[in-house]
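**Student:** If it helps, the file is called coords-v2.txt and holds compact mmCIF, C-alpha atoms:
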```txt
# COMPACT_ATOMS: atom_id res chain seq x y z
CA MET A 268 23.26 18.51 3.37
CA SER A 269 24.58 16.19 0.68
CA ASP A 270 22.49 13.17 -0.30
CA PRO A 271 24.89 10.64 -1.89
CA HIS A 272 22.10 8.34 -3.05
CA LEU A 273 20.36 11.24 -4.78
CA ASP A 274 23.64 12.35 -6.36
CA GLN A 275 24.13 8.83 -7.71
CA ALA A 276 20.56 8.71 -9.01
CA ALA A 277 21.04 12.07 -10.74
CA ALA A 278 24.22 10.77 -12.38
CA MET A 279 22.36 7.67 -13.61
CA ILE A 280 19.64 9.86 -15.09
CA GLY A 281 22.21 12.12 -16.70
CA ASN A 282 24.03 9.16 -18.25
CA ALA A 283 20.80 7.80 -19.71
CA ARG A 284 19.78 11.16 -21.15
CA GLY A 285 23.29 11.88 -22.38
CA GLY A 286 23.60 8.67 -24.34
CA THR A 287 26.25 6.98 -22.19
CA GLY A 288 23.60 4.76 -20.58
CA HIS A 289 20.44 3.11 -21.86
CA THR A 290 17.03 4.79 -21.98
CA PRO A 291 14.27 2.41 -20.87
CA VAL A 292 11.19 1.65 -22.90
CA VAL A 293 8.08 2.18 -20.76
CA LYS A 294 4.66 0.70 -21.51
CA SER A 295 1.74 1.71 -19.29
CA PHE A 296 -1.44 -0.21 -18.42
CA PHE A 297 -4.28 1.81 -16.87
CA ASP A 298 -6.87 0.06 -14.70
CA GLU A 299 -9.80 2.46 -14.57
CA PRO A 300 -11.78 0.69 -11.78
CA THR A 301 -8.91 1.41 -9.36
CA ASN A 302 -7.37 4.38 -11.23
CA THR A 303 -4.06 2.50 -11.10
CA VAL A 304 -1.26 2.55 -13.65
CA SER A 305 1.01 -0.48 -13.96
CA TYR A 306 4.16 -0.43 -16.03
CA VAL A 307 6.41 -2.72 -17.98
CA VAL A 308 9.83 -1.10 -18.27
CA HIS A 309 12.49 -2.81 -20.33
CA ASP A 310 16.03 -2.51 -21.60
CA PRO A 311 15.95 -2.28 -25.41
CA ALA A 312 19.45 -3.79 -25.63
CA THR A 313 18.71 -7.04 -23.81
CA GLY A 314 14.94 -7.33 -23.56
CA GLU A 315 15.10 -7.70 -19.79
CA ALA A 316 12.11 -6.12 -18.07
CA ALA A 317 10.53 -5.14 -14.77
CA ILE A 318 6.82 -4.95 -13.98
CA VAL A 319 5.86 -2.14 -11.60
CA ASP A 320 2.70 -2.12 -9.43
CA SER A 321 0.54 -4.77 -11.09
CA VAL A 322 -3.21 -5.14 -10.50
CA LEU A 323 -5.27 -8.23 -9.67
CA ASP A 324 -8.89 -7.62 -10.70
CA PHE A 325 -11.24 -7.88 -7.73
CA ASP A 326 -15.02 -7.53 -7.54
CA PRO A 327 -15.72 -6.71 -3.87
CA ALA A 328 -19.46 -7.27 -4.13
CA ALA A 329 -18.99 -10.82 -5.39
CA GLY A 330 -15.66 -11.49 -3.67
CA ARG A 331 -14.35 -12.62 -7.05
CA THR A 332 -10.81 -12.30 -8.43
CA SER A 333 -9.86 -12.35 -12.11
CA PHE A 334 -6.81 -11.72 -14.26
CA ALA A 335 -7.71 -9.52 -17.24
CA SER A 336 -5.35 -6.72 -16.20
CA ALA A 337 -2.46 -9.07 -15.51
CA ASP A 338 -3.13 -11.05 -18.69
CA ALA A 339 -2.81 -7.85 -20.74
CA ILE A 340 0.67 -7.39 -19.26
CA ILE A 341 1.55 -11.03 -19.99
CA ALA A 342 0.42 -10.65 -23.61
CA TYR A 343 2.59 -7.55 -24.07
CA VAL A 344 5.65 -9.21 -22.50
CA GLN A 345 5.24 -12.24 -24.73
CA ASP A 346 4.57 -10.21 -27.89
CA GLU A 347 7.73 -8.17 -27.29
CA ALA A 348 9.75 -11.30 -26.39
CA LEU A 349 10.80 -9.76 -23.06
CA THR A 350 12.34 -11.53 -20.08
CA VAL A 351 10.94 -10.40 -16.73
CA THR A 352 13.62 -10.19 -14.06
CA TRP A 353 11.86 -7.98 -11.49
CA LEU A 354 8.36 -7.52 -10.10
CA LEU A 355 8.56 -4.19 -8.29
CA GLU A 356 6.09 -2.90 -5.72
CA THR A 357 6.35 0.75 -4.69
CA HIS A 358 4.47 0.02 -1.42
CA ALA A 359 1.65 -2.07 0.05
CA HIS A 360 -1.22 -0.52 -1.87
CA ALA A 361 -4.54 0.32 -0.21
CA ASP A 362 -6.59 0.65 -3.40
CA HIS A 363 -5.91 -2.49 -5.40
CA LEU A 364 -4.69 -6.05 -4.97
CA SER A 365 -1.29 -6.94 -6.43
CA ALA A 366 -1.07 -9.55 -9.19
CA ALA A 367 2.63 -10.17 -8.54
CA PRO A 368 2.35 -13.87 -7.54
CA TYR A 369 0.29 -14.63 -10.66
CA LEU A 370 2.75 -12.78 -12.89
CA LYS A 371 5.70 -14.47 -11.22
CA GLU A 372 4.15 -17.87 -11.89
CA LYS A 373 3.57 -17.00 -15.56
CA LEU A 374 6.65 -14.90 -16.34
CA GLY A 375 9.22 -15.32 -13.56
CA GLY A 376 11.13 -12.51 -11.89
CA ALA A 377 12.06 -11.59 -8.32
CA LEU A 378 9.43 -9.79 -6.22
CA ALA A 379 10.79 -6.70 -4.45
CA ILE A 380 9.59 -3.95 -2.12
CA GLY A 381 11.15 -1.64 0.49
CA ARG A 382 12.49 -3.09 3.75
CA GLU A 383 10.08 -0.92 5.75
CA ILE A 384 7.31 -3.28 4.61
CA ILE A 385 8.19 -5.14 7.82
CA HIS A 386 6.90 -2.15 9.82
CA VAL A 387 3.69 -2.11 7.75
CA GLN A 388 3.27 -5.87 8.23
CA ASN A 389 3.52 -5.45 11.98
CA VAL A 390 0.97 -2.62 12.09
CA PHE A 391 -1.61 -4.36 9.91
CA GLY A 392 -0.78 -7.83 11.17
CA LYS A 393 -2.17 -6.67 14.51
CA ILE A 394 -5.21 -5.03 12.91
CA PHE A 395 -6.06 -8.26 11.08
CA ASN A 396 -5.01 -10.45 14.05
CA GLU A 397 -2.73 -12.49 11.80
CA GLY A 398 -1.59 -15.76 13.32
CA THR A 399 1.76 -17.46 13.67
CA ASP A 400 1.79 -18.42 9.98
CA PHE A 401 2.49 -14.77 9.13
CA ALA A 402 6.09 -14.06 10.12
CA ARG A 403 5.98 -10.24 9.62
CA ASP A 404 9.60 -10.29 8.45
CA GLY A 405 9.20 -9.53 4.76
CA SER A 406 9.83 -13.13 3.77
CA GLU A 407 6.91 -13.08 1.31
CA PHE A 408 9.18 -10.99 -0.93
CA ASP A 409 12.37 -12.04 -2.70
CA ARG A 410 14.21 -8.75 -2.12
CA LEU A 411 13.78 -6.00 0.44
CA PHE A 412 15.40 -2.81 -0.82
CA GLU A 413 17.18 -0.34 1.40
CA ASP A 414 17.43 3.34 0.46
CA GLY A 415 20.04 3.68 -2.29
CA ASP A 416 20.21 -0.01 -3.22
CA THR A 417 21.10 -0.48 -6.88
CA PHE A 418 20.14 -3.27 -9.25
CA GLN A 419 20.15 -4.03 -12.96
CA ILE A 420 17.46 -4.61 -15.56
CA GLY A 421 19.61 -5.95 -18.35
CA GLU A 422 22.08 -3.12 -18.98
CA LEU A 423 19.81 -0.52 -17.36
CA GLN A 424 21.01 0.91 -14.08
CA ALA A 425 18.30 1.10 -11.42
CA MET A 426 18.06 2.37 -7.85
CA ALA A 427 15.52 2.26 -5.03
CA LEU A 428 14.93 5.54 -3.18
CA HIS A 429 13.05 5.46 0.14
CA VAL A 430 10.29 8.11 0.02
CA PRO A 431 8.13 7.59 3.14
CA GLY A 432 5.11 9.66 4.06
CA HIS A 433 2.17 8.11 2.23
CA THR A 434 3.21 4.93 4.05
CA PRO A 435 6.45 4.13 5.90
CA ALA A 436 7.55 1.72 3.16
CA ASP A 437 7.15 3.76 -0.03
CA LEU A 438 9.88 3.51 -2.64
CA ALA A 439 10.52 5.37 -5.87
CA TYR A 440 12.41 3.37 -8.50
CA VAL A 441 14.94 5.21 -10.65
CA ILE A 442 15.43 3.23 -13.89
CA GLY A 443 17.60 4.96 -16.45
CA ASP A 444 16.09 8.44 -16.91
CA ALA A 445 12.68 7.37 -15.57
CA VAL A 446 11.39 7.44 -12.00
CA PHE A 447 8.38 5.41 -10.87
CA THR A 448 7.06 7.41 -7.93
CA GLY A 449 4.29 5.18 -6.57
CA ASP A 450 1.70 7.22 -4.65
CA THR A 451 4.09 9.95 -3.51
CA LEU A 452 3.11 12.38 -6.29
CA PHE A 453 0.19 12.75 -8.65
CA MET A 454 -0.06 14.89 -11.80
CA PRO A 455 0.80 18.54 -11.12
CA ASP A 456 -2.84 19.64 -11.47
CA TYR A 457 -3.99 17.01 -8.93
CA GLY A 458 -1.28 17.32 -6.30
CA THR A 459 -0.04 14.77 -3.80
CA ALA A 460 -0.93 11.55 -2.01
CA ARG A 461 -2.72 11.33 1.31
CA ALA A 462 -0.68 10.69 4.45
CA ASP A 463 -3.26 9.60 7.01
CA PHE A 464 -2.99 5.80 6.80
CA PRO A 465 -1.41 4.05 9.81
CA GLY A 466 2.28 5.00 9.74
CA GLY A 467 1.76 7.83 7.27
CA ASP A 468 3.21 11.27 7.96
CA SER A 469 2.60 14.47 5.99
CA ARG A 470 5.89 16.02 7.08
CA GLN A 471 7.81 12.99 5.86
CA LEU A 472 5.81 13.12 2.63
CA PHE A 473 6.86 16.74 2.01
CA ARG A 474 10.52 15.87 2.53
CA SER A 475 10.27 12.83 0.27
CA ILE A 476 8.69 14.93 -2.48
CA ARG A 477 11.37 17.59 -2.14
CA ARG A 478 13.95 14.81 -2.47
CA LEU A 479 12.44 13.69 -5.77
CA MET A 480 12.16 17.28 -6.96
CA ALA A 481 15.92 17.67 -6.50
CA LEU A 482 16.50 15.28 -9.41
CA PRO A 483 17.28 16.79 -12.86
CA GLU A 484 14.31 18.74 -14.21
CA GLN A 485 13.94 16.65 -17.39
CA THR A 486 13.65 13.41 -15.40
CA ARG A 487 10.57 11.51 -16.53
CA LEU A 488 8.14 10.72 -13.70
CA PHE A 489 5.66 7.86 -14.02
CA LEU A 490 2.85 7.97 -11.47
CA CYS A 491 0.82 5.13 -9.95
CA HIS A 492 -2.61 6.80 -10.13
CA ASP A 493 -4.65 9.47 -11.84
CA TYR A 494 -8.15 10.73 -11.03
CA LYS A 495 -8.53 13.51 -13.65
CA ALA A 496 -8.19 16.89 -11.99
CA VAL A 497 -11.09 19.34 -12.28
CA GLY A 498 -11.12 20.72 -15.82
CA ARG A 499 -9.12 17.86 -17.34
CA ASP A 500 -11.05 15.37 -19.48
CA SER A 501 -8.45 12.65 -19.98
CA TYR A 502 -6.32 10.52 -17.70
CA ALA A 503 -2.59 11.24 -17.51
CA TRP A 504 0.27 9.67 -15.58
CA GLU A 505 3.56 10.89 -17.07
CA THR A 506 5.18 14.19 -16.16
CA THR A 507 8.63 15.59 -15.33
CA VAL A 508 10.46 16.86 -12.29
CA GLY A 509 10.46 20.35 -13.81
CA ALA A 510 6.69 20.32 -14.27
CA GLN A 511 6.22 19.24 -10.67
CA ARG A 512 8.55 21.93 -9.36
CA THR A 513 6.70 24.74 -11.11
CA GLY A 514 3.14 23.44 -11.31
CA ASN A 515 2.19 21.00 -8.57
CA VAL A 516 -0.85 22.56 -6.91
CA HIS A 517 0.09 21.25 -3.46
CA VAL A 518 3.85 21.40 -3.34
CA HIS A 519 5.35 23.61 -6.06
CA GLU A 520 8.49 25.58 -5.33
CA GLY A 521 7.79 28.22 -2.71
CA VAL A 522 5.37 26.11 -0.64
CA SER A 523 6.79 25.72 2.86
CA GLU A 524 6.84 22.49 4.81
CA ASP A 525 4.48 23.87 7.47
CA ASP A 526 2.02 25.14 4.88
CA PHE A 527 2.04 21.78 3.10
CA VAL A 528 1.51 19.86 6.34
CA ALA A 529 -1.42 22.08 7.32
CA MET A 530 -3.01 21.66 3.87
CA ARG A 531 -2.39 17.91 3.67
CA ASP A 532 -3.65 17.15 7.18
CA ALA A 533 -6.79 19.24 6.70
CA ARG A 534 -7.51 17.66 3.32
CA ASP A 535 -6.90 14.12 4.59
CA ALA A 536 -9.40 14.64 7.41
CA THR A 537 -12.14 14.98 4.76
CA LEU A 538 -11.27 11.86 2.76
CA ALA A 539 -13.09 8.55 2.97
CA MET A 540 -11.11 5.33 3.20
CA PRO A 541 -10.37 3.71 -0.18
CA LYS A 542 -13.13 1.22 -0.99
CA LEU A 543 -10.67 -1.67 -1.32
CA ILE A 544 -8.38 -0.85 1.61
CA LEU A 545 -9.33 -3.87 3.74
CA PRO A 546 -8.89 -6.57 1.09
CA SER A 547 -5.94 -4.77 -0.53
CA ILE A 548 -3.78 -4.29 2.54
CA GLN A 549 -4.60 -7.75 3.83
CA VAL A 550 -3.32 -9.30 0.60
CA ASN A 551 -0.54 -6.88 -0.28
CA ILE A 552 1.35 -7.14 3.01
CA ARG A 553 1.67 -10.81 2.02
CA GLY A 554 3.26 -9.94 -1.30
CA GLY A 555 -0.04 -10.33 -3.15
CA HIS A 556 -0.62 -13.87 -1.91
CA LEU A 557 -4.24 -14.68 -1.12
CA PRO A 558 -5.11 -16.39 2.18
CA GLU A 559 -4.79 -20.15 2.21
CA PRO A 560 -8.04 -22.08 1.63
CA GLU A 561 -9.88 -23.20 4.74
CA SER A 562 -11.21 -26.71 5.37
CA ASN A 563 -14.01 -26.27 2.82
CA GLY A 564 -11.57 -25.24 0.08
CA THR A 565 -12.61 -21.58 0.12
CA ARG A 566 -10.36 -18.58 0.79
CA TYR A 567 -11.63 -15.83 3.08
CA LEU A 568 -10.71 -12.21 3.74
CA LYS A 569 -11.27 -10.59 7.14
CA ILE A 570 -13.23 -7.40 7.77
CA PRO A 571 -12.14 -5.92 11.12
CA LEU A 572 -15.02 -3.95 12.59
CA ASP A 573 -14.69 -0.49 14.19
CA VAL A 574 -10.89 -0.42 13.89
CA LEU A 575 -9.98 2.00 11.10
```
Output the file's structure in the form of structure tokens.

**Tutor:**
Amino acid sequence: MSDPHLDQAAAMIGNARGGTGHTPVVKSFFDEPTNTVSYVVHDPATGEAAIVDSVLDFDPAAGRTSFASADAIIAYVQDEALTVTWLLETHAHADHLSAAPYLKEKLGGALAIGREIIHVQNVFGKIFNEGTDFARDGSEFDRLFEDGDTFQIGELQAMALHVPGHTPADLAYVIGDAVFTGDTLFMPDYGTARADFPGGDSRQLFRSIRRLMALPEQTRLFLCHDYKAVGRDSYAWETTVGAQRTGNVHVHEGVSEDDFVAMRDARDATLAMPKLILPSIQVNIRGGHLPEPESNGTRYLKIPLDVL
């Protein structure tokens, strides 16, 4: 069955690689405490840039936030004289807090995520018993992307592809010949993301991965996390569609949907919850905004007991 959005994305990638479109410059920032990779991707012709999946530093033992990771991004943007037009979130992360509001204040740009964030807000809004001040309509974000929506970063063509499974709201961003996959895929020797969070679905995840693997084999893939697979001594977060097709230990060509689902569900049943899931989700469904201060001037995060 034809996928017109995927066909358009493949054409964009082909144009960038063939020289008729621009190839983006990608700078990565690895946050080892959360194993998260953030990116600044920019158009070399205009200097316009997007920041993908930023990190707000958070010490859970002390309940303290800080900005070293975000400040490193700001320094790079300023040193390169870039103009930030987009702050892109691939999904509402469960393993780190987003620094998007801080970066928007310092650098500008429109904050965007997939429209299905509304579903995630409703699920977790109930878990955290959010009050009437939380509309659960995505209004914390400036743009809610639908599958196949296109946008520009300077002269770079970009597209949002809906890739649910890890969560209902996951997006992959196609920017020139580069795809930012979020948590859908990891390095080929590590495999794939879990699918057992509320609203996750391993069968959807398989289909989303197969969708990405249908892109041209030389397409550059930039991943949101790395945990160093057994036998590998260094972190890595860039690969290609071709490498994933032939080498992904969970979902290489020849692995059936049923076999993947059985593997993924069994593996997920053994995994502990991410250590920052409660603060992360609580903040990230609000677009990275922290709770408002209470009467004593202090902000508080909730810990729902015996729910997850």

**Student:** Counting all atoms listed in the file, which residue out of A:Gln471, A:Thr513, A:Ser321, A:Ser333 sits closest to A:Tyr306?

**Tutor:**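 Closest to A:Tyr306 of all the choices is A:Ser321.
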
**Student:** Between A:His272, A:His358, A:Lys373, A:Arg331, which residue has the minimum interatomic distance to A:Pro435, considering all atoms listed in the file?

**Tutor:**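 Of all the options, A:His358 lies closest to A:Pro435.
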
**Student:** Near A:Ala402, counting only C-alpha atoms, which residues have an atom at most 12 Å away, once you skip same-chain residues fewer than 3 positions from it, shown as a ChimeraX atom specification?

**Tutor:** /A:385-386,388-389,392-393,397-399,405-408,552-553

**Student:** Would you work out the distance separating atom CA of A:Asp298 from atom CA of A:Asp463, expressed in Å to one decimal?

**Tutor:**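 We find that atom CA of A:Asp298 and atom CA of A:Asp463 lie 24.0 Å from each other.
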
**Student:** Can you pull out the residues contacting stretch 501-503 of chain A? Cut-off 10 Å, using all atoms listed in the file, and skip same-chain residues under 6 positions away; I want them as a PyMOL selection string.

**Tutor:** chain A and resi 297+299+302+304+453-454+489-490+492-495

**Student:** Could you pull the residues within 6 Å of stretch 337-353 of chain A, counting all atoms listed in the file, minus those fewer than 3 positions along the same chain, as a PyMOL selection string?

**Tutor:** chain A and resi 314-317+334+376-377

**Student:** Determine the nearest neighbour of A:Arg474 from the options A:Asp450, A:Glu561, A:Glu413, A:Asp525, counting only C-alpha atoms.

**Tutor:**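 Closest to A:Arg474 of all the choices is A:Asp525.
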
**Student:** With all atoms listed in the file as the basis for distance, which of A:Arg477, A:Leu411, A:His360, A:Leu428 is at the shortest distance from A:Gly521?

**Tutor:**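 Residue with the minimum atom-to-atom distance to A:Gly521: A:Arg477.
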
**Student:** Tell me, in Å to one decimal, how far atom CA of A:Glu484 is from atom CA of A:Gly281.

**Tutor:**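 These atoms are spaced 10.6 Å apart.
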
**Student:** I'd like the neighbourhood of A:Ala427 as a PyMOL selection string, where a residue qualifies if any of its atoms comes within 12 Å (using only C-alpha atoms), though same-chain residues fewer than 5 positions away should be ignored.

**Tutor:** chain A and resi 272-273+275-276+355-358+379-382+410-419+436-443+446-449+479

**Student:** Mind giving me the straight-line distance from atom CA of A:His519 to atom CA of A:Tyr457 in Å, one decimal?

**Tutor:** 11.8 Å

**Student:** Of the candidates A:Val430, A:Val319, A:Ala366, A:Ala460, which one gets nearest to A:Leu538 if we count only C-alpha atoms?

**Tutor:**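 When distances to A:Leu538 are compared using only C-alpha atoms, the smallest one comes from A:Ala460.
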